[in-house]
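A.B. asks: Contents of final-v1.pdb (PDB, C-alpha atoms) are given next:
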```
ATOM      1  CA  MET A   1    -104.046 128.670 125.101
ATOM      2  CA  ALA A   2    -103.847 127.033 128.509
ATOM      3  CA  ALA A   3    -101.458 128.509 131.021
ATOM      4  CA  THR A   4     -99.462 125.294 131.263
ATOM      5  CA  THR A   5     -98.639 125.333 127.528
ATOM      6  CA  THR A   6     -97.230 128.847 127.455
ATOM      7  CA  THR A   7     -93.433 128.871 127.357
ATOM      8  CA  LEU A   8     -90.873 131.612 127.031
ATOM      9  CA  LYS A   9     -90.559 130.923 123.299
ATOM     10  CA  THR A  10     -94.289 131.423 122.737
ATOM     11  CA  ILE A  11     -94.528 134.780 124.545
ATOM     12  CA  GLY A  12     -95.096 137.159 121.675
ATOM     13  CA  SER A  13     -97.457 139.511 123.496
ATOM     14  CA  TYR A  14     -97.675 140.804 127.053
ATOM     15  CA  ALA A  15    -100.173 142.938 128.989
ATOM     16  CA  ALA A  16     -99.492 144.337 132.460
ATOM     17  CA  ILE A  17    -102.326 145.185 134.831
ATOM     18  CA  GLY A  18    -102.178 146.755 138.266
ATOM     19  CA  ASP A  19    -101.600 149.999 140.140
ATOM     20  CA  SER A  20     -98.715 152.484 140.526
ATOM     21  CA  PHE A  21     -96.167 149.708 141.013
ATOM     22  CA  THR A  22     -96.882 148.304 137.548
ATOM     23  CA  GLU A  23     -97.444 151.714 135.952
ATOM     24  CA  GLY A  24     -93.870 152.451 136.999
ATOM     25  CA  VAL A  25     -94.215 155.333 139.446
ATOM     26  CA  GLY A  26     -90.778 156.227 140.789
ATOM     27  CA  ASP A  27     -89.026 155.407 137.503
ATOM     28  CA  PRO A  28     -89.273 158.570 135.346
ATOM     29  CA  GLY A  29     -89.487 158.165 131.594
ATOM     30  CA  PRO A  30     -89.692 160.520 128.630
ATOM     31  CA  GLY A  31     -92.333 163.226 128.426
ATOM     32  CA  GLY A  32     -93.304 163.052 132.082
ATOM     33  CA  SER A  33     -94.377 159.404 131.850
ATOM     34  CA  PHE A  34     -93.022 156.482 133.857
ATOM     35  CA  LEU A  35     -91.108 153.392 132.798
ATOM     36  CA  GLY A  36     -91.086 150.789 135.563
ATOM     37  CA  TRP A  37     -90.437 147.096 135.932
ATOM     38  CA  ALA A  38     -93.186 145.978 133.530
ATOM     39  CA  ASP A  39     -91.863 148.161 130.698
ATOM     40  CA  ARG A  40     -88.370 146.900 131.388
ATOM     41  CA  LEU A  41     -89.571 143.276 131.414
ATOM     42  CA  ALA A  42     -91.312 143.869 128.079
ATOM     43  CA  VAL A  43     -88.000 144.978 126.567
ATOM     44  CA  LEU A  44     -86.271 141.833 127.852
ATOM     45  CA  LEU A  45     -89.005 139.684 126.310
ATOM     46  CA  ALA A  46     -88.951 141.605 123.034
ATOM     47  CA  ASP A  47     -85.190 141.124 122.767
ATOM     48  CA  ARG A  48     -85.799 137.385 122.413
ATOM     49  CA  ARG A  49     -88.048 137.852 119.372
ATOM     50  CA  ASP A  50     -87.501 139.049 115.821
ATOM     51  CA  GLU A  51     -87.733 142.793 115.334
ATOM     52  CA  HIS A  52     -91.333 144.085 115.581
ATOM     53  CA  ASP A  53     -92.510 140.570 116.522
ATOM     54  CA  PHE A  54     -93.476 141.417 120.089
ATOM     55  CA  ARG A  55     -96.434 143.475 121.327
ATOM     56  CA  TYR A  56     -96.944 145.057 124.713
ATOM     57  CA  ALA A  57     -99.733 146.840 126.613
ATOM     58  CA  ASN A  58     -99.600 148.423 130.063
ATOM     59  CA  LEU A  59    -103.073 148.985 131.518
ATOM     60  CA  ALA A  60    -101.948 149.830 135.072
ATOM     61  CA  VAL A  61    -103.035 153.095 136.705
ATOM     62  CA  ARG A  62    -101.703 154.516 139.950
ATOM     63  CA  GLY A  63    -103.968 154.509 142.989
ATOM     64  CA  ARG A  64    -106.268 151.780 141.752
ATOM     65  CA  LEU A  65    -107.839 149.419 144.266
ATOM     66  CA  LEU A  66    -108.329 145.739 143.468
ATOM     67  CA  ASP A  67    -112.009 146.061 142.547
ATOM     68  CA  GLN A  68    -111.227 148.956 140.204
ATOM     69  CA  ILE A  69    -108.508 146.925 138.499
ATOM     70  CA  VAL A  70    -110.893 143.989 138.127
ATOM     71  CA  ALA A  71    -113.616 146.215 136.671
ATOM     72  CA  GLU A  72    -111.448 148.351 134.392
ATOM     73  CA  GLN A  73    -108.361 146.363 133.435
ATOM     74  CA  VAL A  74    -109.194 142.672 133.604
ATOM     75  CA  PRO A  75    -111.877 142.845 130.846
ATOM     76  CA  ARG A  76    -109.464 144.761 128.632
ATOM     77  CA  ALA A  77    -106.709 142.226 129.228
ATOM     78  CA  LYS A  78    -109.115 139.396 128.368
ATOM     79  CA  ALA A  79    -110.116 141.157 125.150
ATOM     80  CA  LEU A  80    -106.466 141.610 124.159
ATOM     81  CA  ALA A  81    -105.818 137.899 124.932
ATOM     82  CA  PRO A  82    -102.020 138.190 125.162
ATOM     83  CA  ASP A  83     -99.664 135.301 125.720
ATOM     84  CA  LEU A  84     -98.698 136.714 129.128
ATOM     85  CA  VAL A  85    -100.438 138.884 131.726
ATOM     86  CA  THR A  86     -98.738 140.118 134.872
ATOM     87  CA  PHE A  87    -101.288 140.804 137.604
ATOM     88  CA  CYS A  88    -100.257 142.722 140.706
ATOM     89  CA  ALA A  89    -103.100 144.156 142.771
ATOM     90  CA  GLY A  90    -104.365 144.439 146.311
ATOM     91  CA  GLY A  91    -101.549 146.506 147.790
ATOM     92  CA  ASN A  92    -103.607 149.686 147.972
ATOM     93  CA  ASP A  93    -106.397 147.704 149.649
ATOM     94  CA  ILE A  94    -104.066 146.164 152.222
ATOM     95  CA  ILE A  95    -102.670 149.502 153.417
ATOM     96  CA  ARG A  96    -106.162 150.852 154.142
ATOM     97  CA  PRO A  97    -107.131 150.794 157.812
ATOM     98  CA  GLY A  98    -109.379 147.889 158.693
ATOM     99  CA  SER A  99    -108.770 145.960 155.497
ATOM    100  CA  ASP A 100    -108.929 142.159 155.643
ATOM    101  CA  PRO A 101    -106.185 140.397 153.635
ATOM    102  CA  ASP A 102    -108.240 137.195 153.541
ATOM    103  CA  HIS A 103    -111.145 138.996 151.899
ATOM    104  CA  VAL A 104    -108.878 140.833 149.473
ATOM    105  CA  ALA A 105    -107.297 137.499 148.498
ATOM    106  CA  GLU A 106    -110.705 135.952 147.782
ATOM    107  CA  ARG A 107    -111.504 138.723 145.306
ATOM    108  CA  PHE A 108    -108.040 138.487 143.796
ATOM    109  CA  GLU A 109    -108.461 134.747 143.242
ATOM    110  CA  ALA A 110    -111.764 135.268 141.459
ATOM    111  CA  ALA A 111    -110.030 137.642 139.050
ATOM    112  CA  VAL A 112    -107.146 135.212 138.475
ATOM    113  CA  ALA A 113    -109.636 132.446 137.679
ATOM    114  CA  ASP A 114    -111.373 134.751 135.211
ATOM    115  CA  LEU A 115    -108.119 135.718 133.505
ATOM    116  CA  ALA A 116    -106.646 132.230 133.393
ATOM    117  CA  GLY A 117    -109.241 130.995 130.941
ATOM    118  CA  SER A 118    -108.716 133.848 128.483
ATOM    119  CA  VAL A 119    -104.974 134.506 128.234
ATOM    120  CA  GLY A 120    -101.917 132.391 127.749
ATOM    121  CA  GLN A 121    -100.389 132.700 131.197
ATOM    122  CA  VAL A 122    -100.906 134.810 134.311
ATOM    123  CA  MET A 123     -97.932 135.735 136.437
ATOM    124  CA  ILE A 124     -98.964 137.016 139.875
ATOM    125  CA  THR A 125     -96.978 138.963 142.414
ATOM    126  CA  THR A 126     -96.482 138.779 146.165
ATOM    127  CA  GLY A 127     -96.028 141.821 148.356
ATOM    128  CA  PHE A 128     -92.680 143.181 149.481
ATOM    129  CA  ASP A 129     -91.247 142.419 152.899
ATOM    130  CA  THR A 130     -91.909 145.818 154.461
ATOM    131  CA  ARG A 131     -89.796 145.443 157.602
ATOM    132  CA  GLY A 132     -87.345 148.059 156.282
ATOM    133  CA  VAL A 133     -89.934 150.481 154.881
ATOM    134  CA  PRO A 134     -90.770 153.025 157.597
ATOM    135  CA  VAL A 135     -94.189 153.927 156.206
ATOM    136  CA  LEU A 136     -95.305 150.302 155.837
ATOM    137  CA  ARG A 137     -93.397 148.434 158.550
ATOM    138  CA  HIS A 138     -96.459 148.127 160.789
ATOM    139  CA  LEU A 139     -98.364 146.391 157.960
ATOM    140  CA  ARG A 140     -95.853 143.567 157.583
ATOM    141  CA  GLY A 141     -98.178 140.936 159.055
ATOM    142  CA  LYS A 142    -101.031 141.822 156.710
ATOM    143  CA  VAL A 143     -98.711 141.858 153.699
ATOM    144  CA  ALA A 144     -97.299 138.465 154.705
ATOM    145  CA  THR A 145    -100.789 136.988 155.033
ATOM    146  CA  TYR A 146    -101.826 138.304 151.630
ATOM    147  CA  SER A 147     -98.599 137.059 150.047
ATOM    148  CA  ALA A 148     -99.195 133.572 151.447
ATOM    149  CA  HIS A 149    -102.630 133.622 149.815
ATOM    150  CA  VAL A 150    -101.077 134.712 146.511
ATOM    151  CA  ARG A 151     -98.750 131.715 146.580
ATOM    152  CA  SER A 152    -101.661 129.376 147.268
ATOM    153  CA  ILE A 153    -103.633 130.904 144.391
ATOM    154  CA  ALA A 154    -100.625 130.434 142.124
ATOM    155  CA  ASP A 155    -100.525 126.738 143.013
ATOM    156  CA  ARG A 156    -104.218 126.299 142.253
ATOM    157  CA  TYR A 157    -104.063 128.003 138.859
ATOM    158  CA  ASP A 158    -100.541 127.018 137.807
ATOM    159  CA  CYS A 159     -99.327 130.615 137.751
ATOM    160  CA  PRO A 160     -95.674 131.643 137.925
ATOM    161  CA  VAL A 161     -94.992 133.845 140.939
ATOM    162  CA  LEU A 162     -92.947 137.017 141.029
ATOM    163  CA  ASP A 163     -91.894 136.673 144.668
ATOM    164  CA  LEU A 164     -90.992 140.163 145.840
ATOM    165  CA  TRP A 165     -90.934 139.103 149.497
ATOM    166  CA  SER A 166     -87.783 137.044 148.872
ATOM    167  CA  LEU A 167     -86.058 139.726 146.770
ATOM    168  CA  ARG A 168     -83.849 140.953 149.578
ATOM    169  CA  SER A 169     -82.020 143.565 147.514
ATOM    170  CA  VAL A 170     -85.107 145.784 147.461
ATOM    171  CA  GLN A 171     -84.969 146.065 151.237
ATOM    172  CA  ASP A 172     -82.132 148.554 150.731
ATOM    173  CA  ARG A 173     -83.370 152.155 150.932
ATOM    174  CA  ARG A 174     -81.739 152.873 147.553
ATOM    175  CA  ALA A 175     -84.333 150.615 145.935
ATOM    176  CA  TRP A 176     -87.049 153.064 146.967
ATOM    177  CA  ASP A 177     -88.100 156.447 145.696
ATOM    178  CA  GLY A 178     -88.081 159.516 147.922
ATOM    179  CA  ASP A 179     -91.766 158.995 148.756
ATOM    180  CA  ARG A 180     -90.875 155.682 150.468
ATOM    181  CA  LEU A 181     -93.875 154.012 148.822
ATOM    182  CA  HIS A 182     -92.624 153.392 145.274
ATOM    183  CA  LEU A 183     -89.492 151.860 143.847
ATOM    184  CA  SER A 184     -86.598 153.872 142.467
ATOM    185  CA  PRO A 185     -85.354 153.248 138.891
ATOM    186  CA  GLU A 186     -82.815 150.757 140.243
ATOM    187  CA  GLY A 187     -85.509 149.068 142.315
ATOM    188  CA  HIS A 188     -87.745 148.713 139.252
ATOM    189  CA  THR A 189     -84.790 147.335 137.291
ATOM    190  CA  ARG A 190     -84.133 144.660 139.884
ATOM    191  CA  VAL A 191     -87.789 143.613 139.918
ATOM    192  CA  ALA A 192     -87.808 143.385 136.115
ATOM    193  CA  LEU A 193     -84.735 141.156 136.202
ATOM    194  CA  ARG A 194     -86.316 138.902 138.818
ATOM    195  CA  ALA A 195     -89.494 138.674 136.712
ATOM    196  CA  ALA A 196     -87.370 137.714 133.728
ATOM    197  CA  GLN A 197     -85.721 134.960 135.761
ATOM    198  CA  VAL A 198     -89.137 133.636 136.807
ATOM    199  CA  LEU A 199     -90.045 133.350 133.123
ATOM    200  CA  GLY A 200     -86.841 131.478 132.319
ATOM    201  CA  ILE A 201     -84.618 134.261 130.985
ATOM    202  CA  ARG A 202     -81.041 133.903 132.104
ATOM    203  CA  VAL A 203     -79.482 137.168 133.191
ATOM    204  CA  PRO A 204     -75.709 137.699 133.374
ATOM    205  CA  ALA A 205     -74.047 137.589 136.771
ATOM    206  CA  ASP A 206     -73.459 141.339 136.765
ATOM    207  CA  ALA A 207     -77.236 141.837 136.318
ATOM    208  CA  ASP A 208     -78.316 139.509 139.114
ATOM    209  CA  PRO A 209     -81.225 141.311 140.822
ATOM    210  CA  ASP A 210     -80.049 140.148 144.241
ATOM    211  CA  GLN A 211     -76.451 141.277 143.849
ATOM    212  CA  PRO A 212     -75.184 143.434 146.734
ATOM    213  CA  TRP A 213     -75.444 147.198 146.524
ATOM    214  CA  PRO A 214     -72.214 149.239 146.439
ATOM    215  CA  PRO A 215     -70.956 150.332 149.859
ATOM    216  CA  GLN A 216     -72.054 153.750 151.052
ATOM    217  CA  ARG A 217     -71.022 156.015 153.876
ATOM    218  CA  PRO A 218     -72.795 155.575 157.208
ATOM    219  CA  ARG A 219     -75.681 157.971 157.778
ATOM    220  CA  GLY A 220     -75.916 159.871 161.014
ATOM    221  CA  SER A 221     -78.929 160.995 162.993
ATOM    222  CA  VAL A 222     -78.770 164.470 161.459
ATOM    223  CA  ASP A 223     -79.098 163.005 157.947
ATOM    224  CA  THR A 224     -81.983 160.798 159.029
ATOM    225  CA  THR A 225     -83.847 163.636 160.705
ATOM    226  CA  ARG A 226     -83.394 165.918 157.712
ATOM    227  CA  ASP A 227     -84.651 163.203 155.359
ATOM    228  CA  ASN A 228     -87.689 162.542 157.548
ATOM    229  CA  ILE A 229     -88.648 166.215 157.654
ATOM    230  CA  GLN A 230     -88.291 166.557 153.892
ATOM    231  CA  TRP A 231     -90.288 163.378 153.279
ATOM    232  CA  ALA A 232     -93.116 164.506 155.581
ATOM    233  CA  ARG A 233     -93.347 167.870 153.833
ATOM    234  CA  GLU A 234     -93.104 166.632 150.250
ATOM    235  CA  HIS A 235     -94.914 163.296 150.405
ATOM    236  CA  LEU A 236     -96.720 162.534 153.654
ATOM    237  CA  ALA A 237     -98.673 165.793 153.917
ATOM    238  CA  PRO A 238     -99.980 165.662 150.300
ATOM    239  CA  TRP A 239    -100.927 161.979 150.739
ATOM    240  CA  ILE A 240    -102.903 162.751 153.902
ATOM    241  CA  GLY A 241    -104.557 165.674 152.134
ATOM    242  CA  ARG A 242    -105.728 163.452 149.282
ATOM    243  CA  ARG A 243    -107.132 160.907 151.718
ATOM    244  CA  LEU A 244    -109.049 163.585 153.615
ATOM    245  CA  ARG A 245    -110.501 164.936 150.366
ATOM    246  CA  GLY A 246    -111.374 161.450 149.091
ATOM    247  CA  GLU A 247    -109.016 161.855 146.138
ATOM    248  CA  SER A 248    -106.675 159.378 144.476
ATOM    249  CA  SER A 249    -103.363 159.971 142.753
ATOM    250  CA  GLY A 250    -104.897 158.157 139.797
ATOM    251  CA  ASP A 251    -107.878 160.450 139.355
ATOM    252  CA  HIS A 252    -108.003 161.606 135.727
ATOM    253  CA  VAL A 253    -105.086 159.305 134.810
ATOM    254  CA  ALA A 254    -105.503 156.898 131.896
ATOM    255  CA  ALA A 255    -103.520 153.773 131.069
ATOM    256  CA  LYS A 256    -100.299 154.757 129.355
ATOM    257  CA  ARG A 257    -100.347 151.922 126.795
ATOM    258  CA  PRO A 258    -103.919 150.568 126.411
ATOM    259  CA  ASP A 259    -103.282 148.565 123.228
ATOM    260  CA  LEU A 260    -100.924 145.762 122.299
ATOM    261  CA  LEU A 261     -98.359 147.678 120.279
ATOM    262  CA  PRO A 262     -94.974 146.593 118.898
ATOM    263  CA  LEU A 263     -91.895 147.587 120.856
TER     264      LEU A 263
END
```
Show me the file's structure as structure tokens.
C.D. replies:
Amino acid sequence: MAATTTTLKTIGSYAAIGDSFTEGVGDPGPGGSFLGWADRLAVLLADRRDEHDFRYANLAVRGRLLDQIVAEQVPRAKALAPDLVTFCAGGNDIIRPGSDPDHVAERFEAAVADLAGSVGQVMITTGFDTRGVPVLRHLRGKVATYSAHVRSIADRYDCPVLDLWSLRSVQDRRAWDGDRLHLSPEGHTRVALRAAQVLGIRVPADADPDQPWPPQRPRGSVDTTRDNIQWAREHLAPWIGRRLRGESSGDHVAAKRPDLLPL
């Protein structure tokens, strides 16, 4: 089925591919697993179908680089041939020192071209605006360049775009997990709702993903310092240790839902 003929009514199967963002890290689920925006989007899509008439696979694995996703997940997604694939990749490449967003985008486009001929529709994802994310603020220019490429690729292959750069609500610190690299449950929920809107699902006003956050008390310098010390101890130090040892958070982790199964 060509991408241009896939509509919301014909989406009866969905496969998500990517890294920790799509696996759902930061959004705890039952049994030590993660939920995440892709799982939540799958539920929204399934709700528009008859019972047991929607199938979903999530092939994403935390820590994966673009080339690993292309080698491991893209062939599986092509074999499953779902009506919809969401493809978010390249973020782990971009944050590596010396990475070239232009080169990453070229490899990403090759994978999109490969997928587009085998599945119903490919929805691709920009990066977040990282100006408010302390760990990633200095990478904002690289993320912006890569996101511009993603939009150009979407135009060339007629792909819907999940534009996270323009989702201003996730610039609030409450949208982010304590590690400052992954979304919180509320952040994942807002991304899922935006993805649903991109696909043509109307969400009620009280579920608008860009609705303002509730007011909160101002935070003083003591709070900020305490949070920074805790973050460095619990998240930064282990991350640096893994990098020095050449390890990935996704080592020995398998896809949580490798087959198209009914929801």
A.B. asks: Please write the residues picked by the PyMOL selection byres ((chain A and resi 155-168) around 6) on this file as an mmCIF file with C-alpha atoms, keeping the file's coordinate frame.
C.D. replies:
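In the end it all went to expr.cif:
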```
data_model
loop_
_atom_site.group_PDB
_atom_site.id
_atom_site.type_symbol
_atom_site.label_atom_id
_atom_site.label_comp_id
_atom_site.auth_asym_id
_atom_site.auth_seq_id
_atom_site.Cartn_x
_atom_site.Cartn_y
_atom_site.Cartn_z
ATOM 1 C CA VAL A 122 -100.906 134.810 134.311
ATOM 2 C CA MET A 123 -97.932 135.735 136.437
ATOM 3 C CA ILE A 124 -98.964 137.016 139.875
ATOM 4 C CA THR A 125 -96.978 138.963 142.414
ATOM 5 C CA THR A 126 -96.482 138.779 146.165
ATOM 6 C CA GLY A 127 -96.028 141.821 148.356
ATOM 7 C CA PHE A 128 -92.680 143.181 149.481
ATOM 8 C CA ASP A 129 -91.247 142.419 152.899
ATOM 9 C CA SER A 152 -101.661 129.376 147.268
ATOM 10 C CA ILE A 153 -103.633 130.904 144.391
ATOM 11 C CA ALA A 154 -100.625 130.434 142.124
ATOM 12 C CA SER A 169 -82.020 143.565 147.514
ATOM 13 C CA VAL A 170 -85.107 145.784 147.461
ATOM 14 C CA GLN A 171 -84.969 146.065 151.237
ATOM 15 C CA ALA A 195 -89.494 138.674 136.712
#
```
A.B. asks: Name the residues captured by the PyMOL selection byres ((chain A and resi 179-191) around 10) when it is applied to the shown file; answer as a PyMOL selection string.
C.D. replies: chain A and resi 20-22+24-29+34-41+133-136+162-164+167+169-178+192-197+207-211+230-232+234-236+239
A.B. asks: To one decimal in Å, tell me the separation between CA of Pro214 (chain A) and CA of Gly132 (chain A).
C.D. replies: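 According to the coordinates, CA of Pro214 (chain A) and CA of Gly132 (chain A) are separated by 18.1 Å.
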A.B. asks: Could you list, as a PyMOL selection string, every residue matched by the PyMOL selection byres ((chain A and resi 94) around 12) in this structure?
C.D. replies: chain A and resi 65-66+89-93+95-105+127+136+138-147
A.B. asks: Could you save the residues just selected, with C-alpha atoms, as an mmCIF file, in the frame of the given file?
C.D. replies:
```
data_model
loop_
_atom_site.group_PDB
_atom_site.id
_atom_site.type_symbol
_atom_site.label_atom_id
_atom_site.label_comp_id
_atom_site.auth_asym_id
_atom_site.auth_seq_id
_atom_site.Cartn_x
_atom_site.Cartn_y
_atom_site.Cartn_z
ATOM 1 C CA LEU A 65 -107.839 149.419 144.266
ATOM 2 C CA LEU A 66 -108.329 145.739 143.468
ATOM 3 C CA ALA A 89 -103.100 144.156 142.771
ATOM 4 C CA GLY A 90 -104.365 144.439 146.311
ATOM 5 C CA GLY A 91 -101.549 146.506 147.790
ATOM 6 C CA ASN A 92 -103.607 149.686 147.972
ATOM 7 C CA ASP A 93 -106.397 147.704 149.649
ATOM 8 C CA ILE A 95 -102.670 149.502 153.417
ATOM 9 C CA ARG A 96 -106.162 150.852 154.142
ATOM 10 C CA PRO A 97 -107.131 150.794 157.812
ATOM 11 C CA GLY A 98 -109.379 147.889 158.693
ATOM 12 C CA SER A 99 -108.770 145.960 155.497
ATOM 13 C CA ASP A 100 -108.929 142.159 155.643
ATOM 14 C CA PRO A 101 -106.185 140.397 153.635
ATOM 15 C CA ASP A 102 -108.240 137.195 153.541
ATOM 16 C CA HIS A 103 -111.145 138.996 151.899
ATOM 17 C CA VAL A 104 -108.878 140.833 149.473
ATOM 18 C CA ALA A 105 -107.297 137.499 148.498
ATOM 19 C CA GLY A 127 -96.028 141.821 148.356
ATOM 20 C CA LEU A 136 -95.305 150.302 155.837
ATOM 21 C CA HIS A 138 -96.459 148.127 160.789
ATOM 22 C CA LEU A 139 -98.364 146.391 157.960
ATOM 23 C CA ARG A 140 -95.853 143.567 157.583
ATOM 24 C CA GLY A 141 -98.178 140.936 159.055
ATOM 25 C CA LYS A 142 -101.031 141.822 156.710
ATOM 26 C CA VAL A 143 -98.711 141.858 153.699
ATOM 27 C CA ALA A 144 -97.299 138.465 154.705
ATOM 28 C CA THR A 145 -100.789 136.988 155.033
ATOM 29 C CA TYR A 146 -101.826 138.304 151.630
ATOM 30 C CA SER A 147 -98.599 137.059 150.047
#
```
A.B. asks: One decimal, Å: what's the distance from CA of Ala113 (chain A) over to CA of Gln68 (chain A), could you say?
C.D. replies: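 Taking CA of Ala113 (chain A) and CA of Gln68 (chain A), their separation equals 16.8 Å.
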A.B. asks: With distances taken over only C-alpha atoms, which of A:Pro75, A:Gly12, A:Gly31, A:Pro215 is nearest to Arg55 (chain A)?
C.D. replies: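 Nearest candidate to Arg55 (chain A) out of A:Pro75, A:Gly12, A:Gly31, A:Pro215: A:Gly12.
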A.B. asks: Compile the contact shell of Leu261 (chain A) as a PDB file with C-alpha atoms, in the coordinates of the input: residues with an atom at most 9 Å away, counting only C-alpha atoms, same-chain residues fewer than 6 positions apart removed.
C.D. replies:
```
ATOM      1  CA  SER A  13     -97.457 139.511 123.496  1.00  0.00           C
ATOM      2  CA  PHE A  54     -93.476 141.417 120.089  1.00  0.00           C
ATOM      3  CA  ARG A  55     -96.434 143.475 121.327  1.00  0.00           C
ATOM      4  CA  TYR A  56     -96.944 145.057 124.713  1.00  0.00           C
ATOM      5  CA  ALA A  57     -99.733 146.840 126.613  1.00  0.00           C
TER       6      ALA A  57
END
```
A.B. asks: Could you tell me which of A:Ala42, A:Ala110, A:Val61, A:Ile17 comes closest to Thr86 (chain A) if we count all atoms listed in the file?
C.D. replies: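 Comparing A:Ala42, A:Ala110, A:Val61, A:Ile17 against Thr86 (chain A), the winner is A:Ile17.
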A.B. asks: What's the separation between CA of Ala79 (chain A) and CA of Gly18 (chain A), in Å to one decimal place?
C.D. replies: 16.3 Å
A.B. asks: A:His149, A:Asp259, A:Glu23, A:Gly32: which is nearest Ala77 (chain A), counting only C-alpha atoms?
C.D. replies: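 When distances to Ala77 (chain A) are compared using only C-alpha atoms, the smallest one comes from A:Asp259.
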A.B. asks: Choose the residue, out of A:Val119, A:Ala81, A:Ala255, A:Ile11, that has the smallest atom-to-atom separation from Leu44 (chain A); count all atoms listed in the file.
C.D. replies: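 Of all the options, A:Ile11 lies closest to Leu44 (chain A).
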A.B. asks: Go through A:Arg131, A:Arg107, A:His52, A:Arg202 one by one, measure the shortest atom-to-atom distance of each to Ala71 (chain A) using only C-alpha atoms, and give the residue with the smallest value.
C.D. replies: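 Looking only at the distances to Ala71 (chain A), the closest residue turns out to be A:Arg107.
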A.B. asks: So which one's closest to Leu199 (chain A), A:Gln121, A:Leu59, A:Asp53, A:Glu109? Using all atoms listed in the file, please.
C.D. replies: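 Answer, going by the shortest atom-to-atom distance: A:Gln121.
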